[in-house]
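**Student:** My structure file final-v2.cif, mmCIF, C-alpha atoms and all ligand atoms, is below:
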data_input
#
loop_
_atom_site.label_atom_id
_atom_site.label_comp_id
_atom_site.auth_asym_id
_atom_site.auth_seq_id
_atom_site.Cartn_x
_atom_site.Cartn_y
_atom_site.Cartn_z
CA MET Y 1 -4.87 21.07 -1.05
CA GLN Y 2 -4.74 24.89 -0.89
CA ILE Y 3 -2.55 24.93 2.17
CA THR Y 4 -0.25 22.31 0.68
CA LYS Y 5 0.15 24.52 -2.37
CA LEU Y 6 1.31 27.37 -0.15
CA SER Y 7 4.14 25.24 1.24
CA ARG Y 8 7.62 25.35 -0.29
CA LYS Y 9 8.01 23.38 -3.53
CA ASN Y 10 10.69 21.13 -2.04
CA ILE Y 11 8.39 20.29 0.89
CA GLN Y 12 5.55 19.47 -1.53
CA ALA Y 13 7.93 17.09 -3.31
CA LEU Y 14 9.41 15.63 -0.10
CA THR Y 15 9.03 11.98 0.88
CA PRO Y 16 9.44 12.11 4.66
CA TYR Y 17 11.81 9.78 6.48
CA GLN Y 18 10.30 6.32 6.77
CA SER Y 19 11.02 5.84 10.47
CA ALA Y 20 10.48 2.44 12.00
CA ARG Y 21 7.60 3.88 14.06
CA ARG Y 22 5.95 5.38 11.00
CA LEU Y 23 6.10 2.03 9.18
CA GLY Y 24 3.96 0.56 11.95
CA GLY Y 25 3.48 -3.13 12.67
CA LYS Y 26 1.80 -5.12 15.41
CA GLY Y 27 3.61 -7.40 17.76
CA ASP Y 28 5.86 -7.79 20.76
CA VAL Y 29 9.28 -8.28 19.18
CA TRP Y 30 10.53 -4.91 17.91
CA LEU Y 31 13.89 -5.25 16.22
CA ASN Y 32 13.55 -2.62 13.51
CA ALA Y 33 15.01 0.58 14.98
CA ASN Y 34 18.35 -0.46 16.51
CA GLU Y 35 17.09 0.39 19.97
CA TYR Y 36 18.29 -1.30 23.13
CA PRO Y 37 15.61 -3.81 24.16
CA THR Y 38 15.22 -2.67 27.77
CA SER Y 39 15.19 0.75 29.44
CA PRO Y 40 17.60 2.05 32.04
CA ASP Y 41 15.94 3.41 35.17
CA PHE Y 42 16.42 7.04 36.20
CA ASP Y 43 14.76 9.41 38.64
CA LEU Y 44 14.54 13.07 37.77
CA SER Y 45 16.71 15.05 40.15
CA ALA Y 46 15.63 18.43 38.73
CA ARG Y 47 12.84 20.16 40.67
CA GLN Y 48 12.84 23.57 39.05
CA PHE Y 49 11.07 24.03 35.74
CA ASN Y 50 10.03 27.68 35.79
CA ARG Y 51 13.35 28.92 34.34
CA TYR Y 52 14.73 28.31 30.87
CA PRO Y 53 17.42 25.62 30.85
CA GLU Y 54 21.15 26.13 30.33
CA ALA Y 55 21.69 26.40 26.56
CA GLN Y 56 24.52 23.84 26.65
CA PRO Y 57 24.23 22.14 30.06
CA THR Y 58 27.68 21.95 31.67
CA ALA Y 59 27.22 18.55 33.30
CA VAL Y 60 26.21 16.97 29.98
CA ILE Y 61 28.94 18.70 27.95
CA ASN Y 62 31.68 17.87 30.45
CA GLY Y 63 30.45 14.31 30.92
CA TYR Y 64 30.33 13.59 27.21
CA ALA Y 65 33.68 15.30 26.54
CA GLN Y 66 35.32 13.13 29.13
CA TYR Y 67 33.70 9.97 27.75
CA ALA Y 68 34.70 10.86 24.16
CA GLY Y 69 38.25 11.88 25.09
CA VAL Y 70 37.88 15.45 23.83
CA LYS Y 71 37.66 18.89 25.46
CA PRO Y 72 34.31 20.47 26.42
CA GLU Y 73 34.83 23.12 23.71
CA ASN Y 74 34.75 20.28 21.16
CA VAL Y 75 31.19 19.27 22.09
CA LEU Y 76 27.74 20.53 21.09
CA VAL Y 77 24.66 18.80 22.51
CA SER Y 78 21.43 18.71 20.50
CA ARG Y 79 18.03 17.06 20.15
CA GLY Y 80 19.38 13.71 19.00
CA GLY Y 81 22.04 13.10 16.39
CA ASP Y 82 19.38 13.89 13.80
CA GLU Y 83 19.33 17.55 14.83
CA SER Y 84 23.09 17.68 14.31
CA ILE Y 85 22.65 16.53 10.69
CA GLU Y 86 20.18 19.34 10.06
CA LEU Y 87 22.21 22.00 11.88
CA ILE Y 88 25.27 21.23 9.75
CA ILE Y 89 23.29 21.48 6.51
CA ARG Y 90 21.56 24.69 7.59
CA ALA Y 91 24.80 26.28 8.72
CA PHE Y 92 26.98 25.36 5.75
CA CYS Y 93 24.82 25.00 2.63
CA GLU Y 94 23.60 27.85 0.44
CA ALA Y 95 20.61 27.18 -1.82
CA ASN Y 96 22.81 26.14 -4.74
CA ASP Y 97 25.28 24.04 -2.72
CA SER Y 98 24.86 20.32 -2.32
CA VAL Y 99 25.53 17.54 0.15
CA LEU Y 100 27.07 14.22 -0.83
CA TYR Y 101 26.56 10.80 0.73
CA CYS Y 102 27.08 7.17 -0.20
CA PRO Y 103 24.09 4.82 -0.32
CA PRO Y 104 23.04 2.40 0.97
CA THR Y 105 23.20 4.47 4.15
CA TYR Y 106 21.15 6.39 6.71
CA GLY Y 107 18.11 8.06 5.13
CA MET Y 108 18.16 11.29 7.14
CA TYR Y 109 21.05 12.90 5.22
CA GLY Y 110 18.89 13.07 2.11
CA VAL Y 111 15.67 13.98 3.91
CA SER Y 112 17.32 16.80 5.88
CA ALA Y 113 18.97 18.19 2.74
CA GLU Y 114 15.69 18.14 0.83
CA THR Y 115 13.86 19.77 3.74
CA CYS Y 116 16.40 22.59 3.60
CA GLY Y 117 16.11 22.88 -0.18
CA VAL Y 118 19.69 21.71 -0.67
CA ALA Y 119 20.60 19.42 -3.58
CA VAL Y 120 21.82 15.90 -3.00
CA LYS Y 121 24.62 14.04 -4.79
CA THR Y 122 25.05 10.34 -4.20
CA VAL Y 123 28.09 8.18 -4.88
CA PRO Y 124 27.19 4.55 -4.13
CA LEU Y 125 29.41 2.52 -1.83
CA THR Y 126 31.52 -0.13 -3.55
CA ALA Y 127 30.38 -3.78 -3.62
CA ASP Y 128 32.17 -4.36 -0.29
CA PHE Y 129 30.41 -1.31 1.23
CA GLN Y 130 33.45 0.99 1.18
CA LEU Y 131 33.90 4.53 -0.14
CA ASN Y 132 34.42 4.98 -3.86
CA LEU Y 133 37.03 7.72 -3.43
CA PRO Y 134 37.78 8.40 -7.12
CA GLU Y 135 34.06 8.88 -7.81
CA ILE Y 136 33.67 11.10 -4.74
CA ALA Y 137 36.62 13.23 -5.93
CA HIS Y 138 34.90 13.50 -9.29
CA HIS Y 139 31.65 14.80 -7.77
CA LEU Y 140 32.93 17.32 -5.22
CA ASP Y 141 32.13 20.48 -7.21
CA GLY Y 142 29.58 22.53 -5.26
CA VAL Y 143 29.53 20.02 -2.40
CA LYS Y 144 29.67 21.66 1.03
CA VAL Y 145 29.02 18.65 3.27
CA VAL Y 146 29.96 14.98 2.85
CA PHE Y 147 28.22 12.49 5.15
CA VAL Y 148 29.86 9.15 5.93
CA CYS Y 149 28.33 6.73 8.40
CA SER Y 150 30.74 4.36 10.21
CA PRO Y 151 29.73 1.77 11.30
CA ASN Y 152 27.37 2.21 8.38
CA ASN Y 153 23.64 1.88 8.87
CA PRO Y 154 22.18 -0.44 7.52
CA THR Y 155 25.13 -2.46 6.20
CA GLY Y 156 26.82 -2.80 9.61
CA GLY Y 157 30.54 -2.60 8.83
CA LEU Y 158 33.14 0.12 9.37
CA ILE Y 159 34.45 2.44 6.69
CA LYS Y 160 38.24 2.02 6.38
CA ARG Y 161 40.10 4.59 8.44
CA SER Y 162 42.64 5.18 5.65
CA ASP Y 163 39.78 6.04 3.28
CA LEU Y 164 38.27 8.48 5.78
CA LEU Y 165 41.67 10.15 6.11
CA GLU Y 166 41.98 10.38 2.34
CA LEU Y 167 38.49 11.88 2.14
CA LEU Y 168 39.47 14.45 4.76
CA GLN Y 169 42.57 15.38 2.78
CA MET Y 170 40.63 15.64 -0.48
CA THR Y 171 37.99 17.97 1.03
CA ALA Y 172 40.25 20.23 3.12
CA GLY Y 173 39.25 23.89 2.74
CA ARG Y 174 36.25 23.02 0.54
CA ALA Y 175 33.70 20.98 2.46
CA ILE Y 176 32.76 19.67 5.89
CA VAL Y 177 33.20 15.92 6.38
CA VAL Y 178 30.63 14.51 8.80
CA VAL Y 179 31.47 11.09 10.21
CA ASP Y 180 28.28 9.69 11.73
CA GLU Y 181 29.40 7.60 14.70
CA ALA Y 182 25.93 6.80 16.08
CA TYR Y 183 27.10 3.21 16.68
CA ILE Y 184 30.72 3.81 17.64
CA ASP Y 185 30.13 2.80 21.28
CA PHE Y 186 29.94 -0.80 20.02
CA CYS Y 187 33.46 -0.55 18.48
CA PRO Y 188 35.04 2.43 20.29
CA THR Y 189 38.59 2.04 18.98
CA ALA Y 190 37.39 2.89 15.46
CA THR Y 191 36.45 6.47 16.37
CA MET Y 192 37.79 9.41 14.38
CA ALA Y 193 37.60 11.69 17.45
CA ASN Y 194 41.39 11.50 17.82
CA GLU Y 195 41.70 13.11 14.35
CA LEU Y 196 39.92 16.32 15.35
CA ALA Y 197 43.25 18.00 16.09
CA ASN Y 198 44.32 17.45 12.48
CA PHE Y 199 41.16 18.41 10.58
CA PRO Y 200 39.22 21.64 11.24
CA HIS Y 201 36.55 20.49 8.75
CA LEU Y 202 35.77 17.19 10.53
CA ALA Y 203 32.47 16.88 12.44
CA ILE Y 204 31.49 13.70 14.28
CA ILE Y 205 27.91 12.81 15.18
CA ARG Y 206 27.18 10.85 18.37
CA THR Y 207 24.00 9.88 20.19
CA LEU Y 208 22.63 8.47 23.45
CA SER Y 209 19.97 6.58 21.44
CA LYS Y 210 21.84 3.34 20.82
CA ALA Y 211 24.40 1.96 23.32
CA PHE Y 212 23.12 4.29 26.07
CA ALA Y 213 19.61 2.83 25.55
CA LEU Y 214 18.02 6.31 25.55
CA ALA Y 215 16.36 6.68 22.13
CA GLY Y 216 13.30 8.14 23.86
CA LEU Y 217 15.37 10.89 25.48
CA ARG Y 218 16.37 12.58 22.18
CA CYS Y 219 19.92 13.56 23.02
CA GLY Y 220 22.87 13.63 20.63
CA PHE Y 221 26.19 15.36 20.11
CA THR Y 222 28.47 16.94 17.55
CA LEU Y 223 32.23 16.66 18.15
CA ALA Y 224 34.34 19.17 16.22
CA ASN Y 225 36.87 21.95 16.62
CA PRO Y 226 35.70 25.12 18.42
CA GLU Y 227 35.40 27.13 15.21
CA LEU Y 228 32.98 24.63 13.65
CA ILE Y 229 31.09 24.25 16.95
CA GLY Y 230 30.79 28.06 17.04
CA VAL Y 231 29.14 28.09 13.61
CA LEU Y 232 26.57 25.50 14.74
CA GLN Y 233 25.96 27.47 17.97
CA LYS Y 234 24.72 30.32 15.79
CA VAL Y 235 21.92 28.25 14.21
CA ILE Y 236 20.84 25.95 17.04
CA ALA Y 237 17.70 26.93 18.99
CA PRO Y 238 18.40 29.05 22.07
CA TYR Y 239 17.29 26.34 24.55
CA PRO Y 240 17.57 23.07 22.65
CA LEU Y 241 17.58 20.70 25.62
CA PRO Y 242 14.61 20.38 28.02
CA VAL Y 243 15.59 20.20 31.70
CA PRO Y 244 14.45 16.56 32.12
CA VAL Y 245 16.58 15.56 29.12
CA SER Y 246 19.79 17.12 30.40
CA ASP Y 247 19.05 15.80 33.90
CA ILE Y 248 18.88 12.20 32.68
CA ALA Y 249 21.68 12.61 30.13
CA ALA Y 250 24.00 13.83 32.88
CA GLN Y 251 23.16 10.76 34.96
CA ALA Y 252 23.82 8.47 31.99
CA LEU Y 253 27.29 9.99 31.67
CA THR Y 254 28.40 9.47 35.28
CA GLU Y 255 30.94 6.76 36.06
CA GLN Y 256 28.09 4.42 36.97
CA GLY Y 257 26.11 5.31 33.85
CA LEU Y 258 29.12 4.61 31.66
CA ALA Y 259 29.77 1.28 33.40
CA GLU Y 260 26.17 0.25 32.71
CA MET Y 261 26.52 1.28 29.07
CA LYS Y 262 29.67 -0.86 28.70
CA GLN Y 263 27.83 -3.80 30.24
CA ARG Y 264 25.04 -3.29 27.70
CA VAL Y 265 27.55 -3.23 24.85
CA ALA Y 266 29.11 -6.49 26.06
CA ASN Y 267 25.64 -8.01 26.20
CA VAL Y 268 24.82 -6.87 22.66
CA LEU Y 269 28.08 -8.27 21.28
CA GLU Y 270 27.43 -11.62 22.95
CA ASN Y 271 23.86 -11.82 21.57
CA ARG Y 272 25.06 -10.69 18.15
CA MET Y 273 27.58 -13.51 18.05
CA TRP Y 274 24.89 -16.00 19.08
CA LEU Y 275 22.49 -14.75 16.38
CA ILE Y 276 25.16 -14.95 13.67
CA GLU Y 277 26.07 -18.52 14.69
CA GLN Y 278 22.40 -19.51 14.44
CA LEU Y 279 21.88 -17.76 11.09
CA LYS Y 280 24.85 -19.64 9.62
CA THR Y 281 22.93 -22.90 10.04
CA ILE Y 282 19.79 -21.73 8.17
CA PRO Y 283 19.60 -22.73 4.47
CA SER Y 284 17.58 -19.68 3.32
CA VAL Y 285 20.36 -17.36 4.52
CA VAL Y 286 22.52 -16.30 1.59
CA GLU Y 287 24.91 -13.88 3.31
CA ILE Y 288 25.55 -12.40 6.73
CA PHE Y 289 27.38 -9.10 6.43
CA ASP Y 290 30.17 -7.86 8.68
CA ALA Y 291 28.52 -6.53 11.85
CA GLU Y 292 30.22 -3.99 14.12
CA ALA Y 293 27.12 -2.44 15.73
CA ASN Y 294 23.86 -3.53 17.41
CA TYR Y 295 22.30 -4.94 14.24
CA VAL Y 296 23.08 -7.47 11.54
CA LEU Y 297 22.30 -7.16 7.84
CA VAL Y 298 21.30 -10.51 6.37
CA LYS Y 299 20.62 -11.50 2.78
CA PHE Y 300 18.05 -14.22 2.13
CA GLN Y 301 17.02 -16.22 -0.92
CA ASP Y 302 13.64 -14.49 -0.64
CA GLY Y 303 13.93 -11.61 1.81
CA GLN Y 304 10.38 -10.34 1.25
CA LYS Y 305 8.95 -13.71 2.17
CA VAL Y 306 10.98 -13.91 5.38
CA PHE Y 307 10.14 -10.32 6.32
CA LYS Y 308 6.40 -10.87 5.81
CA ALA Y 309 6.33 -14.21 7.62
CA LEU Y 310 7.95 -12.66 10.69
CA TRP Y 311 5.83 -9.48 10.45
CA GLU Y 312 2.70 -11.61 10.62
CA LYS Y 313 4.02 -13.30 13.76
CA GLY Y 314 4.55 -9.90 15.41
CA ILE Y 315 8.31 -9.98 14.90
CA ILE Y 316 9.08 -6.62 13.31
CA LEU Y 317 12.39 -6.34 11.46
CA ARG Y 318 13.63 -3.68 9.01
CA ASP Y 319 13.15 -4.59 5.36
CA GLN Y 320 16.02 -3.28 3.20
CA HIS Y 321 14.76 -4.72 -0.09
CA LYS Y 322 14.39 -1.25 -1.64
CA ALA Y 323 17.74 0.14 -0.46
CA LEU Y 324 20.38 0.48 -3.17
CA GLY Y 325 21.98 -2.91 -3.84
CA LEU Y 326 20.27 -4.59 -0.88
CA GLN Y 327 17.62 -6.71 -2.59
CA ASN Y 328 16.44 -9.53 -0.30
CA CYS Y 329 18.27 -8.03 2.69
CA ILE Y 330 16.81 -7.55 6.16
CA ARG Y 331 18.36 -5.62 9.03
CA ILE Y 332 17.90 -7.28 12.41
CA SER Y 333 18.50 -5.23 15.57
CA ILE Y 334 20.08 -7.15 18.43
CA GLY Y 335 17.40 -7.64 21.08
CA THR Y 336 17.24 -9.87 24.13
CA ARG Y 337 18.21 -13.53 23.77
CA TYR Y 338 14.53 -14.44 24.03
CA GLU Y 339 13.64 -12.08 21.17
CA LEU Y 340 16.46 -13.42 19.01
CA GLU Y 341 15.31 -16.98 19.66
CA LYS Y 342 11.91 -15.95 18.29
CA VAL Y 343 13.61 -14.43 15.24
CA VAL Y 344 15.66 -17.56 14.53
CA GLU Y 345 12.62 -19.82 14.97
CA GLY Y 346 10.58 -17.52 12.70
CA ILE Y 347 13.22 -17.55 9.96
CA ARG Y 348 13.59 -21.33 10.14
CA ASN Y 349 9.85 -21.73 9.62
CA ALA Y 350 9.42 -18.98 7.01
C1 LIG Y 401 20.19 6.43 15.25
C2 LIG Y 401 21.04 7.18 14.29
C3 LIG Y 401 21.35 8.54 14.42
C4 LIG Y 401 20.88 9.47 15.48
O1 LIG Y 401 19.73 9.21 16.05
P1 LIG Y 401 19.12 10.15 17.18
O2 LIG Y 401 18.17 9.25 17.85
O3 LIG Y 401 18.53 11.33 16.48
O4 LIG Y 401 20.25 10.57 18.08
C5 LIG Y 401 22.21 9.13 13.53
N1 LIG Y 401 22.73 8.42 12.53
C6 LIG Y 401 22.48 7.12 12.37
C7 LIG Y 401 23.14 6.39 11.27
C8 LIG Y 401 21.61 6.46 13.23
O5 LIG Y 401 21.34 5.17 13.02
#
Can you give me the file's structure in the form of structure tokens?
Ligand SMILES: *Cc1c(COP(=O)(O)O)cnc(C)c1O

**Tutor:**
Amino acid sequence: MQITKLSRKNIQALTPYQSARRLGGKGDVWLNANEYPTSPDFDLSARQFNRYPEAQPTAVINGYAQYAGVKPENVLVSRGGDESIELIIRAFCEANDSVLYCPPTYGMYGVSAETCGVAVKTVPLTADFQLNLPEIAHHLDGVKVVFVCSPNNPTGGLIKRSDLLELLQMTAGRAIVVVDEAYIDFCPTATMANELANFPHLAIIRTLSKAFALAGLRCGFTLANPELIGVLQKVIAPYPLPVPVSDIAAQALTEQGLAEMKQRVANVLENRMWLIEQLKTIPSVVEIFDAEANYVLVKFQDGQKVFKALWEKGIILRDQHKALGLQNCIRISIGTRYELEKVVEGIRNA
């Protein structure tokens, strides 16, 4: 206990992020972390490990810029999208500033803020999971960073583009707006990347963890204007990306890598449609929410019962019962057809 007492007060009070891995479970159907169900196959081409890596590896930066339709100077690569969240908070928030986000949403915005000793303001999403802009406007005092996730995790739908634009107008010159596009590869036309030219305070988070099927690689991106990227460059570690990571990331971003990613996306959308059709025929299903990414949020009559019944069969889903407004809801990642058949059978028998 003595060592704990030496740690910062906010760390003593911190509840760490409840990652899918940390929550555990035993089984062979893992649909709780929005991963792709199978791994792409890569060989390391790098042979030299005695030197420090390039700080921002050119092949990765150029490859991602081209994929995202932006210039290389608009791209920062980091250890997953999660590192981008933390970099932005560390770079922009003083001790008495705060960050604002809209639950139910991704848990890392709050955890990263608390880790940095930065206060959190929350403005819940509306009943249809959209931004409550008047309430956000009301709570902007002292807010330096606003996080919006679109498609939103765990609800699954997109935030209206017109609302994002209004949020950007409302925060101009006062705060950074972070649009977390971790799942945008599943609905690419909804990206805000084409708005970067209009908003110097817009930052977009991307990742190779979802549609690129590389969650184990730990590689993510921030897209923003060069001035904002320059601020983040000052706080990021000197050599953030290990050589094997940039080696494989560069391969994933070649023409062939991108073609394979698009094939994966098509496969996920097809399986998602199949799952939704099946769920519609199950009496215990109360609501299936709009799904734009590689997961579906489903409300049941008794969500806890369904979650536990599947858990005991080794089918591990993500319980959302405790998330704001999501009582009896479960988030199901889109796996293989075989895995989804197991899920549907499990729910029918729960
Ligand atoms: C998965 C995810 C990320 C980033 O994950 P990394 O694996 O750290 O790249 C960011 N935001 C949301 C909403 C996510 O679901």

**Student:** Given the choices Y:Asp43, Y:Glu35, Y:Asp82, Y:Glu54, which gets closest to ligand LIG 401 (chain Y) if the distance is worked out from all atoms listed in the file?

**Tutor:**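 Of Y:Asp43, Y:Glu35, Y:Asp82, Y:Glu54, the one nearest ligand LIG 401 (chain Y) is Y:Asp82, counting all atoms listed in the file.
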
**Student:** Calculate how many Å separate atom CA of Glu83 of chain Y from atom CA of Tyr101 of chain Y, rounding to one decimal.

**Tutor:** 17.2 Å

**Student:** Check every protein, DNA and RNA residue against ligand LIG 401 (chain Y), keep those with an atom at most 6 Å away (counting only C-alpha atoms and all ligand atoms), and present them as number ranges by chain.

**Tutor:** Y: 80-82, 106, 149, 153, 180, 182, 207, 209, 215, 218-220

**Student:** Do you know which residues are at most 10 Å from segment 236-238 of chain Y counting only C-alpha atoms, after dropping those on the same chain fewer than 3 positions away, and could you put them as a ChimeraX atom specification?

**Tutor:** /Y:52-56,76-79,83-84,86-88,90-91,231-233,241

**Student:** Keeping only C-alpha atoms, take the residues you just selected and write them out as a compact mmCIF listing (two decimals), in the coordinates of the input.

**Tutor:**
# COMPACT_ATOMS: atom_id res chain seq x y z
CA TYR Y 52 14.73 28.31 30.87
CA PRO Y 53 17.42 25.62 30.85
CA GLU Y 54 21.15 26.13 30.33
CA ALA Y 55 21.69 26.40 26.56
CA GLN Y 56 24.52 23.84 26.65
CA LEU Y 76 27.74 20.53 21.09
CA VAL Y 77 24.66 18.80 22.51
CA SER Y 78 21.43 18.71 20.50
CA ARG Y 79 18.03 17.06 20.15
CA GLU Y 83 19.33 17.55 14.83
CA SER Y 84 23.09 17.68 14.31
CA GLU Y 86 20.18 19.34 10.06
CA LEU Y 87 22.21 22.00 11.88
CA ILE Y 88 25.27 21.23 9.75
CA ARG Y 90 21.56 24.69 7.59
CA ALA Y 91 24.80 26.28 8.72
CA VAL Y 231 29.14 28.09 13.61
CA LEU Y 232 26.57 25.50 14.74
CA GLN Y 233 25.96 27.47 17.97
CA LEU Y 241 17.58 20.70 25.62

**Student:** Report, in Å with one decimal, the straight-line distance from atom CA of Ile136 of chain Y to atom CA of Ala13 of chain Y.

**Tutor:**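 If I compute the distance from atom CA of Ile136 of chain Y to atom CA of Ala13 of chain Y, I get 26.5 Å.
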
**Student:** Could you check which of Y:Leu133, Y:Cys102, Y:Met261, Y:Leu6 is closest to Leu208 of chain Y, using only C-alpha atoms?

**Tutor:**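 For Leu208 of chain Y, the nearest of the candidates is Y:Met261.
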
**Student:** Identify, on the basis of only C-alpha atoms, every residue whose closest approach to segment 317-320 of chain Y does not exceed 6 Å; exclude the query and any residue fewer than 3 positions from it along the same chain; express the result as a PDB file with C-alpha atoms, in the frame of the given file.

**Tutor:**
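As a result, out00.pdb now contains:
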ATOM      1  CA  LEU Y  31      13.890  -5.250  16.220  1.00  0.00           C
ATOM      2  CA  ASN Y  32      13.550  -2.620  13.510  1.00  0.00           C
ATOM      3  CA  ALA Y 323      17.740   0.140  -0.460  1.00  0.00           C
ATOM      4  CA  CYS Y 329      18.270  -8.030   2.690  1.00  0.00           C
ATOM      5  CA  ILE Y 330      16.810  -7.550   6.160  1.00  0.00           C
ATOM      6  CA  ARG Y 331      18.360  -5.620   9.030  1.00  0.00           C
ATOM      7  CA  ILE Y 332      17.900  -7.280  12.410  1.00  0.00           C
TER       8      ILE Y 332
END

**Student:** Once you count only C-alpha atoms, what closest atom pair and distance in Å to one decimal does each residue of segment 244-300 of chain Y within 8 Å of segment 155-159 of chain Y have, with rows by chain and rising residue number, as a tab-separated table?

**Tutor:**
residue	atom	partner	partner_atom	distance
Y:Phe289	CA	Y:Thr155	CA	7.0
Y:Asp290	CA	Y:Gly157	CA	5.3
Y:Ala291	CA	Y:Gly156	CA	4.7
Y:Glu292	CA	Y:Gly157	CA	5.5
Y:Ala293	CA	Y:Gly156	CA	6.1
Y:Tyr295	CA	Y:Gly156	CA	6.8
Y:Val296	CA	Y:Gly156	CA	6.3
Y:Leu297	CA	Y:Thr155	CA	5.7

**Student:** Would you work out the distance separating atom CA of Met108 of chain Y from atom CA of Val123 of chain Y, expressed in Å to one decimal?

**Tutor:**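 Separation between atom CA of Met108 of chain Y and atom CA of Val123 of chain Y: 15.9 Å.
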
**Student:** So, counting only C-alpha atoms, which residue among Y:Pro242, Y:Gly346, Y:Pro134, Y:Pro72 is closest to Asn225 of chain Y?

**Tutor:** Y:Pro72

**Student:** So which one's closest to Cys93 of chain Y, Y:Ser112, Y:Asn267, Y:Thr126, Y:Gln169? Using all atoms listed in the file, please.

**Tutor:**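 The answer is Y:Ser112, which sits nearest to Cys93 of chain Y.
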
**Student:** Counting only C-alpha atoms, figure out which residue out of Y:Tyr239, Y:Tyr109, Y:Phe300, Y:Tyr67 gets nearest to Pro188 of chain Y.

**Tutor:**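 Smallest distance to Pro188 of chain Y is found for Y:Tyr67.
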
**Student:** With only C-alpha atoms as the basis for distance, which of Y:Lys299, Y:Arg272, Y:Lys26, Y:Lys305 is at the shortest distance from Ala350 of chain Y?

**Tutor:**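 Under the stated criterion, the closest residue is Y:Lys305.
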
**Student:** Could you work out an axis-aligned box for segment 293-301 of chain Y, taking every atom the file lists and adding 5 Å on each side, and report centre and edge lengths in Å to one decimal, as AutoDock Vina command-line options?

**Tutor:**
--center_x 22.1 --center_y -9.3 --center_z 8.2 --size_x 20.1 --size_y 23.8 --size_z 28.3

**Student:** If you count all atoms listed in the file, which residues fall within 10 Å of Lys342 of chain Y, apart from same-chain ones fewer than 6 positions away, as number ranges by chain?

**Tutor:** Y: 29, 310, 313-315, 336, 348

**Student:** Please identify all polymer residues within 10 Å of Met192 of chain Y, counting only C-alpha atoms, omitting same-chain residues fewer than 3 positions from it, and present them as a ChimeraX atom specification.

**Tutor:** /Y:150,161,164-165,179-181,184,188-189,195-196,202-204,223

**Student:** Starting from the sparse input, extend segment 283-293 of chain Y to N, CA, C and O atoms and give the output as a compact mmCIF listing (two decimals), keeping the file's coordinate frame.

**Tutor:**
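The result, written out as out.txt:
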# COMPACT_ATOMS: atom_id res chain seq x y z
N PRO Y 283 19.38 -22.64 5.92
CA PRO Y 283 19.60 -22.73 4.47
C PRO Y 283 19.15 -21.52 3.66
O PRO Y 283 19.76 -21.20 2.64
N SER Y 284 18.08 -20.81 4.11
CA SER Y 284 17.58 -19.68 3.32
C SER Y 284 18.46 -18.43 3.46
O SER Y 284 18.24 -17.44 2.78
N VAL Y 285 19.45 -18.49 4.34
CA VAL Y 285 20.36 -17.36 4.52
C VAL Y 285 21.45 -17.41 3.46
O VAL Y 285 22.18 -18.40 3.35
N VAL Y 286 21.54 -16.35 2.67
CA VAL Y 286 22.52 -16.30 1.59
C VAL Y 286 23.83 -15.66 2.06
O VAL Y 286 24.91 -16.12 1.74
N GLU Y 287 23.71 -14.57 2.85
CA GLU Y 287 24.91 -13.88 3.31
C GLU Y 287 24.63 -13.13 4.61
O GLU Y 287 23.55 -12.56 4.79
N ILE Y 288 25.62 -13.18 5.50
CA ILE Y 288 25.55 -12.40 6.73
C ILE Y 288 26.69 -11.40 6.64
O ILE Y 288 27.86 -11.78 6.54
N PHE Y 289 26.35 -10.11 6.65
CA PHE Y 289 27.38 -9.10 6.43
C PHE Y 289 28.11 -8.77 7.73
O PHE Y 289 27.58 -8.97 8.82
N ASP Y 290 29.32 -8.26 7.56
CA ASP Y 290 30.17 -7.86 8.68
C ASP Y 290 29.38 -6.94 9.62
O ASP Y 290 28.83 -5.93 9.18
N ALA Y 291 29.34 -7.29 10.89
CA ALA Y 291 28.52 -6.53 11.85
C ALA Y 291 29.39 -5.97 12.97
O ALA Y 291 30.01 -6.72 13.71
N GLU Y 292 29.42 -4.65 13.07
CA GLU Y 292 30.22 -3.99 14.12
C GLU Y 292 29.33 -3.28 15.13
O GLU Y 292 29.82 -2.74 16.12
N ALA Y 293 28.01 -3.23 14.87
CA ALA Y 293 27.12 -2.44 15.73
C ALA Y 293 26.04 -3.33 16.35
O ALA Y 293 26.24 -4.55 16.48
